Amino acid sequence: MRILLAEDDKNLNKAITWQLKNQGYTVDSCYDGEEALYYGAQDIYDVILLDRMLPGLEGTDVMTALRRQSVNAPVILITALGTLQDKIEGLDLGADDYLVKPFESEELLARIRCVTRRSGAPAQQSDGLTCHDITWSARDMCLTGPCGVTTLSRREGSLLESFLHAPEQTLIRETLLLKVWGPDSDVEEGNLDNYIYFLRRRLKTIGSVLRIKTVRGVGYRLEADLKEKKTPPQKRNRLSFR
């Protein structure tokens with residue numbers, strides 16, 4: 001799961017980023033409203049955490065602009081403005097939740113799980129993400145299937161999560177490059193094909209029914225191959241009469 005964090009307090013920004021990454025989330029962080037609007041407009045985030053009092057553009061202005069651009073990722077406003085009227089105004093402007101500073105990291109994580117459940121996106125659970133016959137643990141970087149467990153690199157894990165959050169959906173190449181490598185990366189498209197190859201091998205190694213199908217000219221789709229495996233015919237014992 002990829003999260004955008006916009007917080008101008010650098011110490012708090014670093015602390016929240018560390019906590020989220022420690023829980024297995026991928027985090028892009030920025031410190032002002034203009035950067036937050038640029039990153040958010042890429043529409044690649046599962047959750048957006050916005051400080052309300054950002055320099056450049058206030059968090060509410062960023063959120064309003066993103067909603068106008070049809071960016072529907074859940075937004076949690078993080079702010080020291082904690083009056084009832086502040087909360088009502090933030091929620092009426094389009095926020096999905098409102099978290100008042102100071103707060104405990106456990107509460108932030110719980111609110112992230114809550115808004116992702118409401119949005120229909122799979123929330124990051126302590127025991128990992130499950131799809132058909134596999135379970136992915138971002139914390140341990142382990143992928144478990146019917147035939148065992150394999151460890152994934154961070155890049156492979158981010159790519160797998162992109163598919164797990166949208167099973168049976170075709171993901172275009174540009175979206176995958178943004179979600180896995182980030183909006184500031186100069187990665188070449190061939191790198192995506194290489195990692196798709198790696199991930200296909202991982203799924204095969206653990207005996208999963210899941211396959212990554214190439215949608216020619218568009219991108220890739222994760223789908224289950226539920227066809228029954230044909231068992232080879234049993235050899236009949238020849239009877240010998242003597």
# chains A, B, ... in the order shown; residues from 1 in each chain; ligands from 1
call {"tool": "residues_around", "arguments": {"residues": "Thr26 (chain A)", "least_positions_apart": "6", "cutoff": "9 Å", "atoms": "only C-alpha atoms", "output": "ChimeraX atom specification"}}
result
/A:1-4,17,20,158,180
call {"tool": "write_last_selection", "arguments": {"atoms": "N, CA and C atoms", "output": "compact mmCIF listing (two decimals), in the first residue's frame"}}
result
# COMPACT_ATOMS: atom_id res chain seq x y z
N MET A 1 0.84 -1.19 0.00
CA MET A 1 0.00 0.00 0.00
C MET A 1 0.88 1.25 0.00
N ARG A 2 0.55 2.20 -0.88
CA ARG A 2 1.36 3.42 -1.01
C ARG A 2 0.62 4.59 -0.36
N ILE A 3 1.33 5.33 0.49
CA ILE A 3 0.74 6.44 1.24
C ILE A 3 1.49 7.72 0.92
N LEU A 4 0.75 8.81 0.74
CA LEU A 4 1.34 10.13 0.61
C LEU A 4 1.20 10.86 1.94
N THR A 17 6.85 8.82 8.90
CA THR A 17 7.35 8.03 7.77
C THR A 17 8.01 6.75 8.26
N LEU A 20 5.34 4.27 9.54
CA LEU A 20 4.56 3.65 8.46
C LEU A 20 5.39 2.62 7.70
N SER A 158 6.40 -4.40 -3.61
CA SER A 158 5.57 -3.27 -4.00
C SER A 158 4.77 -3.58 -5.27
N VAL A 180 5.17 1.72 -8.13
CA VAL A 180 6.29 0.92 -7.62
C VAL A 180 7.58 1.73 -7.50
call {"tool": "residues_around", "arguments": {"residues": "Ala166 (chain A)", "least_positions_apart": "3", "cutoff": "9 Å", "atoms": "only C-alpha atoms", "output": "list in words"}}
result
Ala121, Glu161, Ser162, Phe163, Gln169, Thr170, Leu171, Arg221 and Leu222 of chain A
call {"tool": "select_by_dssp", "arguments": {"residues": "region 9-238 of chain A", "states": "strand (DSSP E or B)", "output": "PyMOL selection string"}}
result
chain A and resi 26-30+47-51+75-79+97-100+129-131+134-137+142-145+148-151+170-172+210-215+219-224
call {"tool": "select_by_dssp", "arguments": {"residues": "region 4-228 of chain A", "states": "helix (DSSP H, G or I)", "output": "compact mmCIF listing (two decimals) with N, CA and C atoms, in the first residue's frame"}}
result
# COMPACT_ATOMS: atom_id res chain seq x y z
N LYS A 10 9.41 18.78 9.95
CA LYS A 10 10.31 17.76 9.43
C LYS A 10 10.53 16.61 10.42
N ASN A 11 10.62 16.92 11.71
CA ASN A 11 10.82 15.86 12.70
C ASN A 11 9.60 14.94 12.76
N LEU A 12 8.41 15.54 12.76
CA LEU A 12 7.19 14.74 12.79
C LEU A 12 7.05 13.96 11.49
N ASN A 13 7.39 14.59 10.38
CA ASN A 13 7.32 13.91 9.08
C ASN A 13 8.20 12.66 9.08
N LYS A 14 9.43 12.82 9.56
CA LYS A 14 10.35 11.68 9.58
C LYS A 14 9.86 10.59 10.53
N ALA A 15 9.29 10.99 11.68
CA ALA A 15 8.81 10.01 12.65
C ALA A 15 7.63 9.21 12.10
N ILE A 16 6.68 9.90 11.45
CA ILE A 16 5.52 9.21 10.89
C ILE A 16 5.96 8.31 9.73
N THR A 17 6.85 8.82 8.90
CA THR A 17 7.35 8.03 7.77
C THR A 17 8.01 6.75 8.26
N TRP A 18 8.85 6.88 9.27
CA TRP A 18 9.52 5.70 9.83
C TRP A 18 8.51 4.69 10.36
N GLN A 19 7.51 5.17 11.09
CA GLN A 19 6.50 4.28 11.67
C GLN A 19 5.72 3.55 10.58
N LEU A 20 5.34 4.27 9.54
CA LEU A 20 4.56 3.65 8.46
C LEU A 20 5.39 2.62 7.70
N LYS A 21 6.64 2.98 7.40
CA LYS A 21 7.50 2.04 6.69
C LYS A 21 7.77 0.80 7.54
N ASN A 22 7.86 0.99 8.85
CA ASN A 22 8.08 -0.13 9.76
C ASN A 22 6.90 -1.10 9.74
N GLY A 33 2.24 22.43 0.49
CA GLY A 33 1.00 22.13 -0.22
C GLY A 33 1.15 21.94 -1.71
N GLU A 34 2.06 22.69 -2.33
CA GLU A 34 2.24 22.56 -3.77
C GLU A 34 2.80 21.19 -4.14
N GLU A 35 3.76 20.71 -3.34
CA GLU A 35 4.29 19.37 -3.57
C GLU A 35 3.21 18.32 -3.34
N ALA A 36 2.41 18.52 -2.30
CA ALA A 36 1.34 17.57 -1.98
C ALA A 36 0.35 17.47 -3.14
N LEU A 37 0.03 18.62 -3.74
CA LEU A 37 -0.90 18.61 -4.87
C LEU A 37 -0.29 17.91 -6.07
N TYR A 38 1.00 18.14 -6.32
CA TYR A 38 1.68 17.49 -7.45
C TYR A 38 1.68 15.97 -7.27
N TYR A 39 2.09 15.51 -6.09
CA TYR A 39 2.14 14.08 -5.86
C TYR A 39 0.74 13.46 -5.87
N GLY A 40 -0.18 14.11 -5.17
CA GLY A 40 -1.53 13.56 -5.08
C GLY A 40 -2.21 13.45 -6.42
N GLY A 59 -3.81 22.41 3.54
CA GLY A 59 -4.23 21.04 3.28
C GLY A 59 -5.64 20.95 2.73
N THR A 60 -6.54 21.80 3.22
CA THR A 60 -7.92 21.76 2.71
C THR A 60 -7.98 22.21 1.25
N ASP A 61 -7.12 23.17 0.86
CA ASP A 61 -7.08 23.60 -0.54
C ASP A 61 -6.53 22.48 -1.44
N VAL A 62 -5.51 21.77 -0.93
CA VAL A 62 -4.96 20.64 -1.67
C VAL A 62 -6.04 19.58 -1.87
N MET A 63 -6.75 19.28 -0.79
CA MET A 63 -7.78 18.25 -0.86
C MET A 63 -8.89 18.64 -1.83
N THR A 64 -9.33 19.90 -1.79
CA THR A 64 -10.38 20.36 -2.70
C THR A 64 -9.93 20.26 -4.15
N ALA A 65 -8.67 20.65 -4.42
CA ALA A 65 -8.14 20.57 -5.78
C ALA A 65 -8.07 19.13 -6.27
N LEU A 66 -7.67 18.21 -5.38
CA LEU A 66 -7.57 16.80 -5.77
C LEU A 66 -8.95 16.22 -6.06
N ARG A 67 -9.93 16.58 -5.27
CA ARG A 67 -11.29 16.08 -5.51
C ARG A 67 -11.82 16.59 -6.86
N ARG A 68 -11.47 17.82 -7.22
CA ARG A 68 -11.89 18.37 -8.51
C ARG A 68 -11.25 17.61 -9.66
N LEU A 84 -14.65 21.56 17.44
CA LEU A 84 -15.73 20.87 16.73
C LEU A 84 -15.97 21.50 15.37
N GLN A 85 -15.93 22.83 15.31
CA GLN A 85 -16.16 23.51 14.04
C GLN A 85 -15.07 23.19 13.03
N ASP A 86 -13.81 23.08 13.50
CA ASP A 86 -12.70 22.71 12.61
C ASP A 86 -12.93 21.34 12.01
N LYS A 87 -13.34 20.40 12.84
CA LYS A 87 -13.57 19.03 12.37
C LYS A 87 -14.71 18.98 11.35
N ILE A 88 -15.81 19.69 11.67
CA ILE A 88 -16.95 19.70 10.76
C ILE A 88 -16.56 20.29 9.41
N GLU A 89 -15.80 21.41 9.45
CA GLU A 89 -15.38 22.05 8.21
C GLU A 89 -14.50 21.13 7.38
N GLY A 90 -13.52 20.45 8.03
CA GLY A 90 -12.63 19.55 7.30
C GLY A 90 -13.36 18.39 6.67
N LEU A 91 -14.29 17.81 7.41
CA LEU A 91 -15.06 16.68 6.89
C LEU A 91 -16.00 17.12 5.78
N ASP A 92 -16.60 18.30 5.92
CA ASP A 92 -17.50 18.80 4.88
C ASP A 92 -16.77 19.12 3.59
N SER A 105 0.82 6.75 17.51
CA SER A 105 0.98 6.08 16.21
C SER A 105 -0.05 4.98 16.02
N GLU A 106 -0.44 4.32 17.12
CA GLU A 106 -1.43 3.25 17.01
C GLU A 106 -2.78 3.79 16.51
N GLU A 107 -3.12 5.00 16.93
CA GLU A 107 -4.38 5.58 16.48
C GLU A 107 -4.31 5.92 14.99
N LEU A 108 -3.18 6.46 14.54
CA LEU A 108 -3.03 6.75 13.11
C LEU A 108 -3.15 5.48 12.28
N LEU A 109 -2.49 4.41 12.71
CA LEU A 109 -2.55 3.15 11.97
C LEU A 109 -3.98 2.61 11.94
N ALA A 110 -4.69 2.73 13.05
CA ALA A 110 -6.07 2.26 13.10
C ALA A 110 -6.96 3.05 12.15
N ARG A 111 -6.73 4.36 12.09
CA ARG A 111 -7.54 5.20 11.20
C ARG A 111 -7.23 4.90 9.73
N ILE A 112 -5.97 4.59 9.42
CA ILE A 112 -5.62 4.19 8.05
C ILE A 112 -6.35 2.91 7.68
N ARG A 113 -6.36 1.94 8.60
CA ARG A 113 -7.07 0.69 8.32
C ARG A 113 -8.56 0.96 8.12
N CYS A 114 -9.09 1.87 8.90
CA CYS A 114 -10.52 2.17 8.84
C CYS A 114 -10.91 2.80 7.50
N VAL A 115 -10.18 3.82 7.05
CA VAL A 115 -10.56 4.50 5.81
C VAL A 115 -10.33 3.61 4.60
N THR A 116 -9.34 2.73 4.66
CA THR A 116 -9.13 1.83 3.52
C THR A 116 -10.23 0.77 3.45
N ARG A 117 -10.74 0.35 4.61
CA ARG A 117 -11.87 -0.58 4.60
C ARG A 117 -13.10 0.08 3.98
N ARG A 118 -13.33 1.33 4.35
CA ARG A 118 -14.51 2.04 3.83
C ARG A 118 -14.39 2.29 2.34
N SER A 119 -13.17 2.51 1.86
CA SER A 119 -12.99 2.81 0.43
C SER A 119 -13.02 1.56 -0.43
N ARG A 154 12.14 -5.67 -1.90
CA ARG A 154 11.17 -4.60 -1.64
C ARG A 154 10.45 -4.18 -2.92
N ARG A 155 11.17 -4.14 -4.01
CA ARG A 155 10.55 -3.75 -5.28
C ARG A 155 9.54 -4.80 -5.73
N GLU A 156 9.89 -6.08 -5.60
CA GLU A 156 8.96 -7.15 -5.95
C GLU A 156 7.71 -7.07 -5.07
N GLY A 157 7.92 -6.78 -3.79
CA GLY A 157 6.79 -6.69 -2.87
C GLY A 157 5.85 -5.55 -3.24
N SER A 158 6.40 -4.40 -3.61
CA SER A 158 5.57 -3.27 -4.00
C SER A 158 4.77 -3.58 -5.27
N LEU A 159 5.41 -4.27 -6.20
CA LEU A 159 4.71 -4.66 -7.43
C LEU A 159 3.59 -5.64 -7.12
N LEU A 160 3.88 -6.63 -6.28
CA LEU A 160 2.85 -7.60 -5.91
C LEU A 160 1.68 -6.92 -5.23
N GLU A 161 1.95 -5.99 -4.32
CA GLU A 161 0.87 -5.29 -3.62
C GLU A 161 -0.02 -4.52 -4.58
N SER A 162 0.57 -3.94 -5.61
CA SER A 162 -0.23 -3.23 -6.61
C SER A 162 -1.25 -4.15 -7.24
N PHE A 163 -0.85 -5.38 -7.53
CA PHE A 163 -1.77 -6.36 -8.10
C PHE A 163 -2.79 -6.85 -7.07
N LEU A 164 -2.33 -7.07 -5.83
CA LEU A 164 -3.22 -7.59 -4.80
C LEU A 164 -4.33 -6.61 -4.45
N ARG A 173 0.78 0.10 -17.68
CA ARG A 173 2.22 0.14 -17.39
C ARG A 173 2.59 1.42 -16.64
N GLU A 174 2.05 2.56 -17.08
CA GLU A 174 2.40 3.83 -16.46
C GLU A 174 2.00 3.85 -14.98
N THR A 175 0.84 3.27 -14.67
CA THR A 175 0.39 3.23 -13.27
C THR A 175 1.33 2.38 -12.43
N LEU A 176 1.73 1.23 -12.94
CA LEU A 176 2.63 0.36 -12.20
C LEU A 176 3.99 1.02 -11.98
N LEU A 177 4.51 1.71 -12.99
CA LEU A 177 5.79 2.39 -12.83
C LEU A 177 5.70 3.47 -11.76
N LEU A 178 4.60 4.21 -11.72
CA LEU A 178 4.43 5.26 -10.72
C LEU A 178 4.27 4.68 -9.32
N LYS A 179 3.44 3.63 -9.20
CA LYS A 179 3.16 3.07 -7.88
C LYS A 179 4.38 2.35 -7.29
N VAL A 180 5.17 1.72 -8.13
CA VAL A 180 6.29 0.92 -7.62
C VAL A 180 7.58 1.73 -7.50
N TRP A 181 7.85 2.57 -8.51
CA TRP A 181 9.11 3.32 -8.49
C TRP A 181 8.94 4.77 -8.02
N GLU A 189 11.20 1.52 -18.79
CA GLU A 189 10.06 0.60 -18.82
C GLU A 189 10.51 -0.85 -18.81
N GLY A 190 11.69 -1.12 -19.34
CA GLY A 190 12.17 -2.50 -19.36
C GLY A 190 12.34 -3.08 -17.96
N ASN A 191 12.58 -2.21 -16.97
CA ASN A 191 12.72 -2.69 -15.60
C ASN A 191 11.43 -3.32 -15.11
N LEU A 192 10.29 -2.76 -15.53
CA LEU A 192 9.00 -3.32 -15.13
C LEU A 192 8.86 -4.74 -15.67
N ASP A 193 9.22 -4.96 -16.93
CA ASP A 193 9.13 -6.29 -17.52
C ASP A 193 10.01 -7.29 -16.77
N ASN A 194 11.18 -6.84 -16.36
CA ASN A 194 12.08 -7.71 -15.61
C ASN A 194 11.46 -8.14 -14.29
N TYR A 195 10.85 -7.20 -13.58
CA TYR A 195 10.26 -7.52 -12.28
C TYR A 195 8.98 -8.35 -12.41
N ILE A 196 8.26 -8.16 -13.51
CA ILE A 196 7.11 -9.03 -13.78
C ILE A 196 7.60 -10.47 -13.95
N TYR A 197 8.70 -10.64 -14.66
CA TYR A 197 9.29 -11.97 -14.85
C TYR A 197 9.69 -12.57 -13.50
N PHE A 198 10.34 -11.78 -12.65
CA PHE A 198 10.75 -12.27 -11.33
C PHE A 198 9.52 -12.71 -10.53
N LEU A 199 8.47 -11.89 -10.56
CA LEU A 199 7.29 -12.18 -9.76
C LEU A 199 6.56 -13.41 -10.27
N ARG A 200 6.53 -13.60 -11.57
CA ARG A 200 5.93 -14.80 -12.13
C ARG A 200 6.65 -16.05 -11.63
N ARG A 201 7.96 -15.99 -11.57
CA ARG A 201 8.74 -17.12 -11.08
C ARG A 201 8.45 -17.40 -9.61
N ARG A 202 8.29 -16.32 -8.83
CA ARG A 202 7.99 -16.49 -7.40
C ARG A 202 6.66 -17.21 -7.22
N LEU A 203 5.65 -16.78 -7.98
CA LEU A 203 4.33 -17.39 -7.86
C LEU A 203 4.38 -18.87 -8.27
N LYS A 204 5.14 -19.17 -9.29
CA LYS A 204 5.28 -20.55 -9.73
C LYS A 204 6.00 -21.39 -8.70
N THR A 205 7.03 -20.81 -8.07
CA THR A 205 7.81 -21.54 -7.08
C THR A 205 6.97 -21.99 -5.90
call {"tool": "residues_around", "arguments": {"residues": "region 130-138 of chain A", "least_positions_apart": "6", "cutoff": "8 Å", "atoms": "only C-alpha atoms", "output": "ChimeraX atom specification"}}
result
/A:23-25,144-146,157,164,208-210,224
call {"tool": "write_last_selection", "arguments": {"atoms": "C-alpha atoms", "output": "CSV table (one decimal), in the first residue's frame"}}
result
chain,number,residue,atom,x,y,z
A,23,GLN,CA,4.5,-1.4,9.3
A,24,GLY,CA,5.3,-2.3,5.6
A,25,TYR,CA,3.7,0.7,3.9
A,144,THR,CA,3.4,-17.9,1.3
A,145,GLY,CA,1.7,-20.3,-1.0
A,146,PRO,CA,0.6,-24.0,-1.2
A,157,GLY,CA,6.8,-6.7,-2.9
A,164,LEU,CA,-3.2,-7.6,-4.8
A,208,SER,CA,0.1,-20.6,-6.7
A,209,VAL,CA,-2.9,-20.7,-9.1
A,210,LEU,CA,-2.4,-16.9,-9.6
A,224,ALA,CA,-6.3,-17.1,-11.0
call {"tool": "closest_residue", "arguments": {"among": "A:Thr151, A:Asp46, A:Asp96, A:Lys101", "to": "Ile78 (chain A)", "atoms": "only C-alpha atoms"}}
result
A:Lys101
call {"tool": "atom_distance", "arguments": {"atom1": "CA of Ser29 (chain A)", "atom2": "CA of Glu7 (chain A)"}}
result
7.6 Å
call {"tool": "residues_around", "arguments": {"residues": "Leu49 (chain A)", "least_positions_apart": "5", "cutoff": "6 Å", "atoms": "only C-alpha atoms", "output": "count of residues only"}}
result
3
call {"tool": "closest_residue", "arguments": {"among": "A:Arg52, A:Asp9, A:Glu188, A:Gly207", "to": "Asp225 (chain A)", "atoms": "only C-alpha atoms"}}
result
A:Gly207
